[in-house]
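Just below is one structure, and these are the notes that go with it.
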There are 2 protein chains.
Amino acid sequence: MRSEELPVIRQLALFANMSEDNFAPLLQAAYLQTFPPQVQLITEGDPADFLHVVVEGTIELFAIANGRETALQLLRPYSTFILAAVLKDAVYLMSARTLEKSRILMIPSQDVRAAFERDAAFARSIVVELASAFRAMVKEQKNQKLRSGIERLANLLLRLHAEQGGDGTLALPCDKRTLAVLLGMTPENLSRAFGTLKPYGVEVNGGEIRLTKLRDLETLAKPTPLIDDIAT
Amino acid sequence: MRSEELPVIRQLALFANMSEDNFAPLLQAAYLQTFPPQVQLITEGDPADFLHVVVEGTIELFAIANGRETALQLLRPYSTFILAAVLKDAVYLMSARTLEKSRILMIPSQDVRAAFERDAAFARSIVVELASAFRAMVKEQKNQKLRSGIERLANLLLRLHAEQGGDGTLALPCDKRTLAVLLGMTPENLSRAFGTLKPYGVEVNGGEIRLTKLRDLETLAKPTPLIDDIAT
DNA sequence: ACGTCTGATTGATAATTATCAATTCCAATT
DNA sequence: AATTGGAATTGATAATTATCAATCAGACGT
């Protein structure tokens with residue numbers, strides 16, 4: 001793999017502390033590919049052949065059972081995904097598709113596992129990444145089981161608002177259909193939830209949202225760092 | 001720490017491949033304590049000072065927000081918990097309490113992190129353990145978002161049944177109140193769900209369950225390895 | 001055996017969420 | 001400008017789940 005992205009990849013938390021001797025062969029074996037929107041990259045149940053890194057675009061992790069589909073996570077640069085399956089040499093538990101044109105770095109699983117054995121700094125980064133992913137899942141679980149749909153939406157809006165500068169406006173990261181399944185509700189209910197939030201200063205204009213009564217919205221949402229902080 | 005459990009602890013997947021030189025000091029710093037039922041061991045939001053290992057008994061991981069409480073996991077020997085918080089040196093995201101008299105091994109966080117740095121085999125075990133925990137959370141997320149309450153109960157019964165020998169009977173691992181919140185429903189609804197499952201051969205007698213129409217129950221539950229297999 | 005307590009169940013009702021159908025909106029074409 | 005197709009919204013209704021209240025059952029101690 002050769003590309004102008006190499007320096008930025010090198011700087012990712014996962015690779016930053018790796019020795020050059022171990023980084024170079026890892027990337028040599030990797031592919032950097034661009035995919036159009038709505039392409040399914042991986043399918044749950046398949047063996048995990050590659051560790052994926054989102055370099056550009058948006059990826060949706062989703063799962064299907066009983067004819068129902070749900071979204072589990074939305075990934076933006078620079079996130080890895082299915083690290084756990086790669087490390088356990090197991091099958092994928094989630095499927096992944098591009099939501100927009102996306103560039104994905106794919107590193108063969110065995111190379112990742114080999115580098116883990118050889119490079120202690122990489123091993124440390126892997127563990128931090130994995131622990132973070134675990135904690136994100138725990139938070140999502142709490143979000144899902146302890147909050148109503150409206151509360152989940154309110155908190156998501158507050159989080160996006162904060163992430164995007166906190167100037168009173170925010171842009172939704174995907175279409176509302178995907179947002180709905182991500183929040184664990186139907187598109188129809190999401191529409192109604194936005195309606196319910198109108199008295200709390202939520203003005204919707206397509207994918208652009210204005211929050212005019214932050215205080216009120218926060219009172220409703222009751223955000224807590226133990227669910228809503230990305231970092232911790 | 002001195003005890004007759006030392007050999008069995010040594011055999012746990014997490015420690016089995018560790019060098020004796022690294023294992024001994026890790027356990028020297030650890031505590032093995034017995035707790036009565038209904039004791040809260042850790043509280044979400046507190047800094048993660050110890051890695052916990054259930055040596056005996058049952059532990060419930062739970063979380064509270066908005067005045068609601070939910071159970072996230074039930075742990076039996078020999079499971080570790082809050083590994084992620086320990087590795088990230090972060091606060092607990094979940095609280096833990098004993099459900100019955102339980103013996104817990106507690107290893108100071110910094111010793112775990114130090115051993116991770118020093119012992120490559122331990123590092124590998126940690127990663128496998130963490131990856132497994134992550135995948136368990138993903139499965140639980142899918143279980144929660146893709147299934148109705150009755151389906152979740154049906155699948156849990158099938159899983160317990162298989163774990164306990166598959167002879168047509170099974171014992172619930174905790175009281176029904178805890179079981180209900182674990183399944184993401186109210187105790188009242190769990191009662192009714194059991195009622196709904198009666199035509200599918202589910203006979204309830206306190207915590208003892210008989211499954212007399214396995215085929216029918218499986219048709220309803222539609223279990224899938226991508227949610228219900230512990231191992232994968 | 002008796003009361004007492006907690007957990008479990010049942011009934012009645014309300015709140016939440018899903019489903020189905022029908023528009024409406026909007027952007028991309030022709 | 002008209003057309004078209006997908007997304008979004010809205011309305012009507014149903015299913016699911018929660019809540020509140022009351023009762024019941026069993027374990028426990030006296």
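Scheme for the structure tokens: letters A, B, ... for chains in order shown; per-chain residue numbers from 1; ligand numbers from 1 in order shown.
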Original post:
When the cut-off is 6 Å and we count only C-alpha atoms, which residues of chain A are near chain B, given as a ChimeraX atom specification?
Top reply: /A:84,93,131,134,226
Emit the selected residues as an mmCIF file, in the first residue's frame, including N, CA and C atoms.
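The result, written out as selection-v7.cif:
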```cif
data_model
loop_
_atom_site.group_PDB
_atom_site.id
_atom_site.type_symbol
_atom_site.label_atom_id
_atom_site.label_comp_id
_atom_site.auth_asym_id
_atom_site.auth_seq_id
_atom_site.Cartn_x
_atom_site.Cartn_y
_atom_site.Cartn_z
ATOM 1 N N ALA A 84 -12.374 -6.813 17.710
ATOM 2 C CA ALA A 84 -12.560 -7.977 18.581
ATOM 3 C C ALA A 84 -12.583 -9.276 17.783
ATOM 4 N N LEU A 93 -19.727 -10.351 14.144
ATOM 5 C CA LEU A 93 -21.047 -10.347 14.766
ATOM 6 C C LEU A 93 -21.945 -9.282 14.150
ATOM 7 N N ALA A 131 -10.734 -1.739 24.840
ATOM 8 C CA ALA A 131 -11.405 -1.363 26.080
ATOM 9 C C ALA A 131 -12.364 -0.205 25.829
ATOM 10 N N PHE A 134 -15.419 -1.547 24.115
ATOM 11 C CA PHE A 134 -16.254 -2.238 25.091
ATOM 12 C C PHE A 134 -17.078 -1.239 25.884
ATOM 13 N N LEU A 226 -21.615 9.108 32.431
ATOM 14 C CA LEU A 226 -21.477 7.650 32.422
ATOM 15 C C LEU A 226 -22.225 6.994 31.264
#
```
For the contact check between chain B and chain D, emit one row per residue of chain B within 10 Å, containing the shortest atom pair and the distance in Å rounded to one decimal, counting only C-alpha atoms (C1' of nucleotides), chain then rising number order, as JSON lines.
```
{"residue": "B:Ser148", "atom": "CA", "partner": "D:DT16", "partner_atom": "C1'", "distance": 8.4}
{"residue": "B:Gly149", "atom": "CA", "partner": "D:DT17", "partner_atom": "C1'", "distance": 8.8}
{"residue": "B:Met185", "atom": "CA", "partner": "D:DT17", "partner_atom": "C1'", "distance": 7.8}
{"residue": "B:Thr186", "atom": "CA", "partner": "D:DA18", "partner_atom": "C1'", "distance": 7.4}
{"residue": "B:Glu188", "atom": "CA", "partner": "D:DA18", "partner_atom": "C1'", "distance": 8.9}
{"residue": "B:Asn189", "atom": "CA", "partner": "D:DT17", "partner_atom": "C1'", "distance": 7.5}
{"residue": "B:Gly206", "atom": "CA", "partner": "D:DG26", "partner_atom": "C1'", "distance": 9.9}
```
Take chain A, superimpose it onto chain B by least squares using every C-alpha atom paired in sequence order, and output the result as a PDB file with C-alpha atoms, in the first residue's frame.
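To be explicit, this is the file written out as out-v1.pdb:
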```
ATOM      1  CA  MET A   1      -2.967 -13.671  49.560  1.00  0.00           C
ATOM      2  CA  ARG A   2      -2.768 -17.282  50.612  1.00  0.00           C
ATOM      3  CA  SER A   3      -5.441 -19.806  50.059  1.00  0.00           C
ATOM      4  CA  GLU A   4      -6.363 -23.221  48.774  1.00  0.00           C
ATOM      5  CA  GLU A   5      -7.950 -21.493  45.767  1.00  0.00           C
ATOM      6  CA  LEU A   6      -4.593 -20.438  44.456  1.00  0.00           C
ATOM      7  CA  PRO A   7      -4.172 -23.441  42.129  1.00  0.00           C
ATOM      8  CA  VAL A   8      -7.608 -23.008  40.606  1.00  0.00           C
ATOM      9  CA  ILE A   9      -7.010 -19.294  40.069  1.00  0.00           C
ATOM     10  CA  ARG A  10      -3.710 -20.128  38.462  1.00  0.00           C
ATOM     11  CA  GLN A  11      -5.625 -22.248  35.959  1.00  0.00           C
ATOM     12  CA  LEU A  12      -8.017 -19.496  34.868  1.00  0.00           C
ATOM     13  CA  ALA A  13      -7.668 -18.614  31.212  1.00  0.00           C
ATOM     14  CA  LEU A  14      -6.474 -15.187  32.198  1.00  0.00           C
ATOM     15  CA  PHE A  15      -3.514 -16.440  34.210  1.00  0.00           C
ATOM     16  CA  ALA A  16      -2.796 -19.910  32.888  1.00  0.00           C
ATOM     17  CA  ASN A  17      -0.089 -18.878  30.452  1.00  0.00           C
ATOM     18  CA  MET A  18       1.587 -16.348  32.693  1.00  0.00           C
ATOM     19  CA  SER A  19       5.099 -16.952  33.920  1.00  0.00           C
ATOM     20  CA  GLU A  20       5.314 -17.848  37.583  1.00  0.00           C
ATOM     21  CA  ASP A  21       7.598 -14.863  38.115  1.00  0.00           C
ATOM     22  CA  ASN A  22       4.850 -12.496  37.092  1.00  0.00           C
ATOM     23  CA  PHE A  23       1.958 -14.439  38.590  1.00  0.00           C
ATOM     24  CA  ALA A  24       3.302 -14.627  42.123  1.00  0.00           C
ATOM     25  CA  PRO A  25       3.637 -10.877  42.767  1.00  0.00           C
ATOM     26  CA  LEU A  26       0.290 -10.204  41.102  1.00  0.00           C
ATOM     27  CA  LEU A  27      -1.456 -12.517  43.513  1.00  0.00           C
ATOM     28  CA  GLN A  28       0.618 -11.350  46.448  1.00  0.00           C
ATOM     29  CA  ALA A  29      -0.908  -7.922  46.071  1.00  0.00           C
ATOM     30  CA  ALA A  30      -4.421  -9.322  45.712  1.00  0.00           C
ATOM     31  CA  TYR A  31      -7.208  -9.893  48.207  1.00  0.00           C
ATOM     32  CA  LEU A  32      -9.570 -12.799  48.341  1.00  0.00           C
ATOM     33  CA  GLN A  33     -12.669 -11.756  50.192  1.00  0.00           C
ATOM     34  CA  THR A  34     -16.004 -13.312  51.001  1.00  0.00           C
ATOM     35  CA  PHE A  35     -19.105 -11.158  50.889  1.00  0.00           C
ATOM     36  CA  PRO A  36     -22.652 -11.804  52.098  1.00  0.00           C
ATOM     37  CA  PRO A  37     -25.597 -11.526  49.688  1.00  0.00           C
ATOM     38  CA  GLN A  38     -26.805  -8.139  48.496  1.00  0.00           C
ATOM     39  CA  VAL A  39     -23.567  -6.298  49.117  1.00  0.00           C
ATOM     40  CA  GLN A  40     -22.665  -3.584  46.653  1.00  0.00           C
ATOM     41  CA  LEU A  41     -19.068  -4.145  45.659  1.00  0.00           C
ATOM     42  CA  ILE A  42     -18.504  -1.283  43.277  1.00  0.00           C
ATOM     43  CA  THR A  43     -20.367   1.852  42.277  1.00  0.00           C
ATOM     44  CA  GLU A  44     -20.478   3.351  38.819  1.00  0.00           C
ATOM     45  CA  GLY A  45     -18.514   6.557  38.616  1.00  0.00           C
ATOM     46  CA  ASP A  46     -15.874   5.463  41.109  1.00  0.00           C
ATOM     47  CA  PRO A  47     -12.306   5.014  39.913  1.00  0.00           C
ATOM     48  CA  ALA A  48     -11.435   1.428  39.045  1.00  0.00           C
ATOM     49  CA  ASP A  49      -8.999   0.402  41.751  1.00  0.00           C
ATOM     50  CA  PHE A  50      -9.277  -3.349  41.411  1.00  0.00           C
ATOM     51  CA  LEU A  51      -9.790  -6.009  38.832  1.00  0.00           C
ATOM     52  CA  HIS A  52     -12.392  -8.401  40.237  1.00  0.00           C
ATOM     53  CA  VAL A  53     -12.634 -12.130  39.692  1.00  0.00           C
ATOM     54  CA  VAL A  54     -15.695 -14.085  40.805  1.00  0.00           C
ATOM     55  CA  VAL A  55     -14.344 -17.188  42.501  1.00  0.00           C
ATOM     56  CA  GLU A  56     -17.620 -18.285  44.063  1.00  0.00           C
ATOM     57  CA  GLY A  57     -21.206 -17.049  44.057  1.00  0.00           C
ATOM     58  CA  THR A  58     -23.121 -14.751  41.724  1.00  0.00           C
ATOM     59  CA  ILE A  59     -22.546 -11.115  40.865  1.00  0.00           C
ATOM     60  CA  GLU A  60     -24.964  -8.768  39.198  1.00  0.00           C
ATOM     61  CA  LEU A  61     -23.686  -5.882  37.139  1.00  0.00           C
ATOM     62  CA  PHE A  62     -26.219  -3.081  37.049  1.00  0.00           C
ATOM     63  CA  ALA A  63     -26.558   0.590  36.282  1.00  0.00           C
ATOM     64  CA  ILE A  64     -28.827   3.410  37.338  1.00  0.00           C
ATOM     65  CA  ALA A  65     -29.966   6.518  35.522  1.00  0.00           C
ATOM     66  CA  ASN A  66     -33.084   8.684  35.684  1.00  0.00           C
ATOM     67  CA  GLY A  67     -34.182   6.763  38.748  1.00  0.00           C
ATOM     68  CA  ARG A  68     -34.417   3.631  36.648  1.00  0.00           C
ATOM     69  CA  GLU A  69     -32.208   0.616  37.229  1.00  0.00           C
ATOM     70  CA  THR A  70     -31.220  -2.118  34.840  1.00  0.00           C
ATOM     71  CA  ALA A  71     -29.133  -5.248  35.092  1.00  0.00           C
ATOM     72  CA  LEU A  72     -26.501  -5.679  32.424  1.00  0.00           C
ATOM     73  CA  GLN A  73     -24.920  -8.987  33.239  1.00  0.00           C
ATOM     74  CA  LEU A  74     -24.900 -11.878  35.664  1.00  0.00           C
ATOM     75  CA  LEU A  75     -21.504 -13.310  36.495  1.00  0.00           C
ATOM     76  CA  ARG A  76     -20.681 -16.773  37.798  1.00  0.00           C
ATOM     77  CA  PRO A  77     -17.269 -18.307  38.515  1.00  0.00           C
ATOM     78  CA  TYR A  78     -14.826 -17.808  37.032  1.00  0.00           C
ATOM     79  CA  SER A  79     -15.399 -14.486  35.386  1.00  0.00           C
ATOM     80  CA  THR A  80     -13.505 -11.270  35.634  1.00  0.00           C
ATOM     81  CA  PHE A  81     -15.296  -7.982  35.644  1.00  0.00           C
ATOM     82  CA  ILE A  82     -14.564  -4.344  34.873  1.00  0.00           C
ATOM     83  CA  LEU A  83     -11.429  -5.319  33.028  1.00  0.00           C
ATOM     84  CA  ALA A  84     -11.947  -2.441  30.589  1.00  0.00           C
ATOM     85  CA  ALA A  85     -12.080   0.213  33.301  1.00  0.00           C
ATOM     86  CA  VAL A  86      -8.934  -1.211  34.886  1.00  0.00           C
ATOM     87  CA  LEU A  87      -6.988  -1.190  31.647  1.00  0.00           C
ATOM     88  CA  LYS A  88      -8.074   2.318  30.728  1.00  0.00           C
ATOM     89  CA  ASP A  89      -7.536   3.513  34.295  1.00  0.00           C
ATOM     90  CA  ALA A  90     -11.025   4.988  34.145  1.00  0.00           C
ATOM     91  CA  VAL A  91     -14.128   5.038  36.290  1.00  0.00           C
ATOM     92  CA  TYR A  92     -16.561   2.147  36.498  1.00  0.00           C
ATOM     93  CA  LEU A  93     -19.486   2.347  34.114  1.00  0.00           C
ATOM     94  CA  MET A  94     -21.467  -0.278  35.992  1.00  0.00           C
ATOM     95  CA  SER A  95     -22.122  -1.060  39.625  1.00  0.00           C
ATOM     96  CA  ALA A  96     -21.839  -4.558  41.042  1.00  0.00           C
ATOM     97  CA  ARG A  97     -23.534  -6.370  43.873  1.00  0.00           C
ATOM     98  CA  THR A  98     -23.506  -9.904  45.211  1.00  0.00           C
ATOM     99  CA  LEU A  99     -26.719 -11.838  44.727  1.00  0.00           C
ATOM    100  CA  GLU A 100     -25.618 -14.624  47.053  1.00  0.00           C
ATOM    101  CA  LYS A 101     -22.665 -15.267  49.332  1.00  0.00           C
ATOM    102  CA  SER A 102     -19.695 -14.760  47.046  1.00  0.00           C
ATOM    103  CA  ARG A 103     -15.970 -14.957  47.063  1.00  0.00           C
ATOM    104  CA  ILE A 104     -14.154 -12.303  45.065  1.00  0.00           C
ATOM    105  CA  LEU A 105     -10.508 -12.007  44.137  1.00  0.00           C
ATOM    106  CA  MET A 106      -9.481  -8.385  43.890  1.00  0.00           C
ATOM    107  CA  ILE A 107      -6.240  -7.415  42.182  1.00  0.00           C
ATOM    108  CA  PRO A 108      -5.071  -3.806  42.362  1.00  0.00           C
ATOM    109  CA  SER A 109      -5.406  -2.099  38.996  1.00  0.00           C
ATOM    110  CA  GLN A 110      -1.838  -0.880  38.741  1.00  0.00           C
ATOM    111  CA  ASP A 111      -0.550  -4.408  39.303  1.00  0.00           C
ATOM    112  CA  VAL A 112      -2.727  -5.671  36.466  1.00  0.00           C
ATOM    113  CA  ARG A 113      -1.443  -2.963  34.154  1.00  0.00           C
ATOM    114  CA  ALA A 114       2.135  -3.635  35.240  1.00  0.00           C
ATOM    115  CA  ALA A 115       1.770  -7.345  34.599  1.00  0.00           C
ATOM    116  CA  PHE A 116       0.298  -6.564  31.196  1.00  0.00           C
ATOM    117  CA  GLU A 117       3.464  -4.673  30.304  1.00  0.00           C
ATOM    118  CA  ARG A 118       5.785  -7.334  31.633  1.00  0.00           C
ATOM    119  CA  ASP A 119       4.164 -10.568  30.552  1.00  0.00           C
ATOM    120  CA  ALA A 120       3.312 -11.103  26.880  1.00  0.00           C
ATOM    121  CA  ALA A 121       1.263 -14.217  27.560  1.00  0.00           C
ATOM    122  CA  PHE A 122      -0.813 -12.325  30.097  1.00  0.00           C
ATOM    123  CA  ALA A 123      -1.278  -9.506  27.604  1.00  0.00           C
ATOM    124  CA  ARG A 124      -2.569 -12.004  25.070  1.00  0.00           C
ATOM    125  CA  SER A 125      -5.012 -13.486  27.585  1.00  0.00           C
ATOM    126  CA  ILE A 126      -6.191 -10.033  28.580  1.00  0.00           C
ATOM    127  CA  VAL A 127      -6.941  -9.201  24.985  1.00  0.00           C
ATOM    128  CA  VAL A 128      -8.877 -12.397  24.407  1.00  0.00           C
ATOM    129  CA  GLU A 129     -10.848 -11.828  27.591  1.00  0.00           C
ATOM    130  CA  LEU A 130     -11.587  -8.246  26.648  1.00  0.00           C
ATOM    131  CA  ALA A 131     -12.529  -9.140  23.099  1.00  0.00           C
ATOM    132  CA  SER A 132     -14.883 -11.791  24.452  1.00  0.00           C
ATOM    133  CA  ALA A 133     -16.471  -9.286  26.806  1.00  0.00           C
ATOM    134  CA  PHE A 134     -16.936  -6.869  23.921  1.00  0.00           C
ATOM    135  CA  ARG A 135     -18.567  -9.505  21.805  1.00  0.00           C
ATOM    136  CA  ALA A 136     -20.843 -10.509  24.649  1.00  0.00           C
ATOM    137  CA  MET A 137     -21.989  -6.896  24.817  1.00  0.00           C
ATOM    138  CA  VAL A 138     -22.603  -6.774  21.080  1.00  0.00           C
ATOM    139  CA  LYS A 139     -24.714  -9.899  21.333  1.00  0.00           C
ATOM    140  CA  GLU A 140     -26.671  -8.473  24.209  1.00  0.00           C
ATOM    141  CA  GLN A 141     -27.255  -5.326  22.200  1.00  0.00           C
ATOM    142  CA  LYS A 142     -28.607  -7.359  19.314  1.00  0.00           C
ATOM    143  CA  ASN A 143     -30.682  -9.444  21.671  1.00  0.00           C
ATOM    144  CA  GLN A 144     -32.191  -6.292  23.085  1.00  0.00           C
ATOM    145  CA  LYS A 145     -32.868  -4.428  19.872  1.00  0.00           C
ATOM    146  CA  LEU A 146     -33.901  -7.255  17.581  1.00  0.00           C
ATOM    147  CA  ARG A 147     -36.129  -9.319  19.856  1.00  0.00           C
ATOM    148  CA  SER A 148     -39.311  -8.854  21.799  1.00  0.00           C
ATOM    149  CA  GLY A 149     -39.433  -9.569  25.498  1.00  0.00           C
ATOM    150  CA  ILE A 150     -40.979 -12.978  24.975  1.00  0.00           C
ATOM    151  CA  GLU A 151     -38.344 -13.921  22.441  1.00  0.00           C
ATOM    152  CA  ARG A 152     -35.596 -12.857  24.817  1.00  0.00           C
ATOM    153  CA  LEU A 153     -37.074 -14.981  27.555  1.00  0.00           C
ATOM    154  CA  ALA A 154     -37.496 -17.990  25.264  1.00  0.00           C
ATOM    155  CA  ASN A 155     -33.905 -17.780  24.122  1.00  0.00           C
ATOM    156  CA  LEU A 156     -32.602 -17.372  27.652  1.00  0.00           C
ATOM    157  CA  LEU A 157     -34.483 -20.473  28.713  1.00  0.00           C
ATOM    158  CA  LEU A 158     -33.036 -22.446  25.814  1.00  0.00           C
ATOM    159  CA  ARG A 159     -29.543 -21.263  26.672  1.00  0.00           C
ATOM    160  CA  LEU A 160     -29.853 -22.108  30.358  1.00  0.00           C
ATOM    161  CA  HIS A 161     -31.329 -25.446  29.422  1.00  0.00           C
ATOM    162  CA  ALA A 162     -28.374 -26.257  27.194  1.00  0.00           C
ATOM    163  CA  GLU A 163     -25.855 -25.049  29.762  1.00  0.00           C
ATOM    164  CA  GLN A 164     -27.411 -27.168  32.482  1.00  0.00           C
ATOM    165  CA  GLY A 165     -27.282 -30.449  30.653  1.00  0.00           C
ATOM    166  CA  GLY A 166     -30.298 -30.244  28.373  1.00  0.00           C
ATOM    167  CA  ASP A 167     -32.365 -32.879  30.181  1.00  0.00           C
ATOM    168  CA  GLY A 168     -35.637 -30.988  29.897  1.00  0.00           C
ATOM    169  CA  THR A 169     -35.253 -29.069  33.131  1.00  0.00           C
ATOM    170  CA  LEU A 170     -33.398 -25.982  34.214  1.00  0.00           C
ATOM    171  CA  ALA A 171     -32.958 -23.775  37.250  1.00  0.00           C
ATOM    172  CA  LEU A 172     -33.162 -20.010  37.049  1.00  0.00           C
ATOM    173  CA  PRO A 173     -29.884 -18.400  38.118  1.00  0.00           C
ATOM    174  CA  CYS A 174     -31.535 -15.686  40.217  1.00  0.00           C
ATOM    175  CA  ASP A 175     -34.868 -14.485  41.492  1.00  0.00           C
ATOM    176  CA  LYS A 176     -37.406 -13.426  38.916  1.00  0.00           C
ATOM    177  CA  ARG A 177     -37.153  -9.773  39.751  1.00  0.00           C
ATOM    178  CA  THR A 178     -33.501  -9.710  38.764  1.00  0.00           C
ATOM    179  CA  LEU A 179     -34.192 -11.910  35.782  1.00  0.00           C
ATOM    180  CA  ALA A 180     -36.776  -9.423  34.604  1.00  0.00           C
ATOM    181  CA  VAL A 181     -34.492  -6.385  34.645  1.00  0.00           C
ATOM    182  CA  LEU A 182     -31.775  -8.497  33.065  1.00  0.00           C
ATOM    183  CA  LEU A 183     -34.151  -9.254  30.215  1.00  0.00           C
ATOM    184  CA  GLY A 184     -35.087  -5.613  29.960  1.00  0.00           C
ATOM    185  CA  MET A 185     -38.652  -5.935  31.211  1.00  0.00           C
ATOM    186  CA  THR A 186     -40.664  -5.443  34.367  1.00  0.00           C
ATOM    187  CA  PRO A 187     -41.312  -8.309  36.812  1.00  0.00           C
ATOM    188  CA  GLU A 188     -45.005  -8.148  35.941  1.00  0.00           C
ATOM    189  CA  ASN A 189     -44.223  -8.605  32.289  1.00  0.00           C
ATOM    190  CA  LEU A 190     -41.923 -11.507  33.004  1.00  0.00           C
ATOM    191  CA  SER A 191     -44.773 -13.245  34.801  1.00  0.00           C
ATOM    192  CA  ARG A 192     -46.999 -12.726  31.795  1.00  0.00           C
ATOM    193  CA  ALA A 193     -44.269 -13.785  29.420  1.00  0.00           C
ATOM    194  CA  PHE A 194     -44.000 -17.097  31.270  1.00  0.00           C
ATOM    195  CA  GLY A 195     -47.732 -17.396  30.882  1.00  0.00           C
ATOM    196  CA  THR A 196     -47.472 -16.766  27.164  1.00  0.00           C
ATOM    197  CA  LEU A 197     -44.831 -19.480  26.876  1.00  0.00           C
ATOM    198  CA  LYS A 198     -46.984 -22.114  28.575  1.00  0.00           C
ATOM    199  CA  PRO A 199     -48.418 -23.317  25.223  1.00  0.00           C
ATOM    200  CA  TYR A 200     -44.822 -23.798  24.133  1.00  0.00           C
ATOM    201  CA  GLY A 201     -44.158 -26.324  26.867  1.00  0.00           C
ATOM    202  CA  VAL A 202     -42.676 -24.053  29.502  1.00  0.00           C
ATOM    203  CA  GLU A 203     -43.759 -25.251  32.953  1.00  0.00           C
ATOM    204  CA  VAL A 204     -42.734 -22.977  35.791  1.00  0.00           C
ATOM    205  CA  ASN A 205     -42.394 -24.122  39.361  1.00  0.00           C
ATOM    206  CA  GLY A 206     -40.681 -21.394  41.310  1.00  0.00           C
ATOM    207  CA  GLY A 207     -37.159 -21.243  39.987  1.00  0.00           C
ATOM    208  CA  GLU A 208     -37.421 -24.705  38.437  1.00  0.00           C
ATOM    209  CA  ILE A 209     -38.490 -24.844  34.810  1.00  0.00           C
ATOM    210  CA  ARG A 210     -39.488 -27.812  32.667  1.00  0.00           C
ATOM    211  CA  LEU A 211     -39.368 -27.582  28.906  1.00  0.00           C
ATOM    212  CA  THR A 212     -41.670 -30.169  27.406  1.00  0.00           C
ATOM    213  CA  LYS A 213     -41.947 -28.907  23.828  1.00  0.00           C
ATOM    214  CA  LEU A 214     -38.391 -27.965  22.932  1.00  0.00           C
ATOM    215  CA  ARG A 215     -39.168 -27.996  19.221  1.00  0.00           C
ATOM    216  CA  ASP A 216     -42.019 -25.532  19.578  1.00  0.00           C
ATOM    217  CA  LEU A 217     -40.055 -23.289  21.889  1.00  0.00           C
ATOM    218  CA  GLU A 218     -37.179 -23.173  19.428  1.00  0.00           C
ATOM    219  CA  THR A 219     -39.530 -22.313  16.604  1.00  0.00           C
ATOM    220  CA  LEU A 220     -40.708 -19.343  18.613  1.00  0.00           C
ATOM    221  CA  ALA A 221     -37.286 -18.309  19.884  1.00  0.00           C
ATOM    222  CA  LYS A 222     -35.392 -18.698  16.620  1.00  0.00           C
ATOM    223  CA  PRO A 223     -32.007 -18.800  18.358  1.00  0.00           C
ATOM    224  CA  THR A 224     -28.973 -17.847  16.316  1.00  0.00           C
ATOM    225  CA  PRO A 225     -25.313 -18.462  17.121  1.00  0.00           C
ATOM    226  CA  LEU A 226     -24.581 -14.814  16.356  1.00  0.00           C
ATOM    227  CA  ILE A 227     -26.553 -13.845  19.431  1.00  0.00           C
ATOM    228  CA  ASP A 228     -26.869 -16.892  21.630  1.00  0.00           C
ATOM    229  CA  ASP A 229     -23.591 -18.778  21.457  1.00  0.00           C
ATOM    230  CA  ILE A 230     -21.478 -17.893  24.453  1.00  0.00           C
ATOM    231  CA  ALA A 231     -18.246 -19.026  22.864  1.00  0.00           C
ATOM    232  CA  THR A 232     -18.046 -17.506  19.406  1.00  0.00           C
TER     233      THR A 232
END
```
Original post:
Mind checking DSSP for region 7-36 of chain B and telling me the alpha helix (DSSP H) residues as a PyMOL selection string?
Top reply: chain B and resi 7-10+20-28
Output as CSV one row per residue of chain C within 10 Å of chain A: the closest atom pair and its distance in Å to one decimal place, counting only C-alpha atoms (C1' of nucleotides), sorted by chain and residue number ascending.
```
residue,atom,partner,partner_atom,distance
C:DT16,C1',A:Ser148,CA,8.4
C:DT17,C1',A:Asn189,CA,7.5
C:DA18,C1',A:Thr186,CA,7.4
C:DT19,C1',A:Glu188,CA,9.7
C:DC26,C1',A:Gly206,CA,9.7
```
Where in region 121-205 of chain B does DSSP assign strand (DSSP E or B), given as a PDB file with C-alpha atoms, in the first residue's frame?
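That gives us result36.pdb:
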```pdb
ATOM      1  CA  THR B 169     -35.228 -29.058  33.131  1.00  0.00           C
ATOM      2  CA  LEU B 170     -33.368 -25.964  34.205  1.00  0.00           C
ATOM      3  CA  ALA B 171     -32.937 -23.767  37.239  1.00  0.00           C
ATOM      4  CA  VAL B 202     -42.667 -24.030  29.521  1.00  0.00           C
ATOM      5  CA  GLU B 203     -43.742 -25.223  32.972  1.00  0.00           C
ATOM      6  CA  VAL B 204     -42.720 -22.967  35.807  1.00  0.00           C
ATOM      7  CA  ASN B 205     -42.370 -24.110  39.367  1.00  0.00           C
TER       8      ASN B 205
END
```
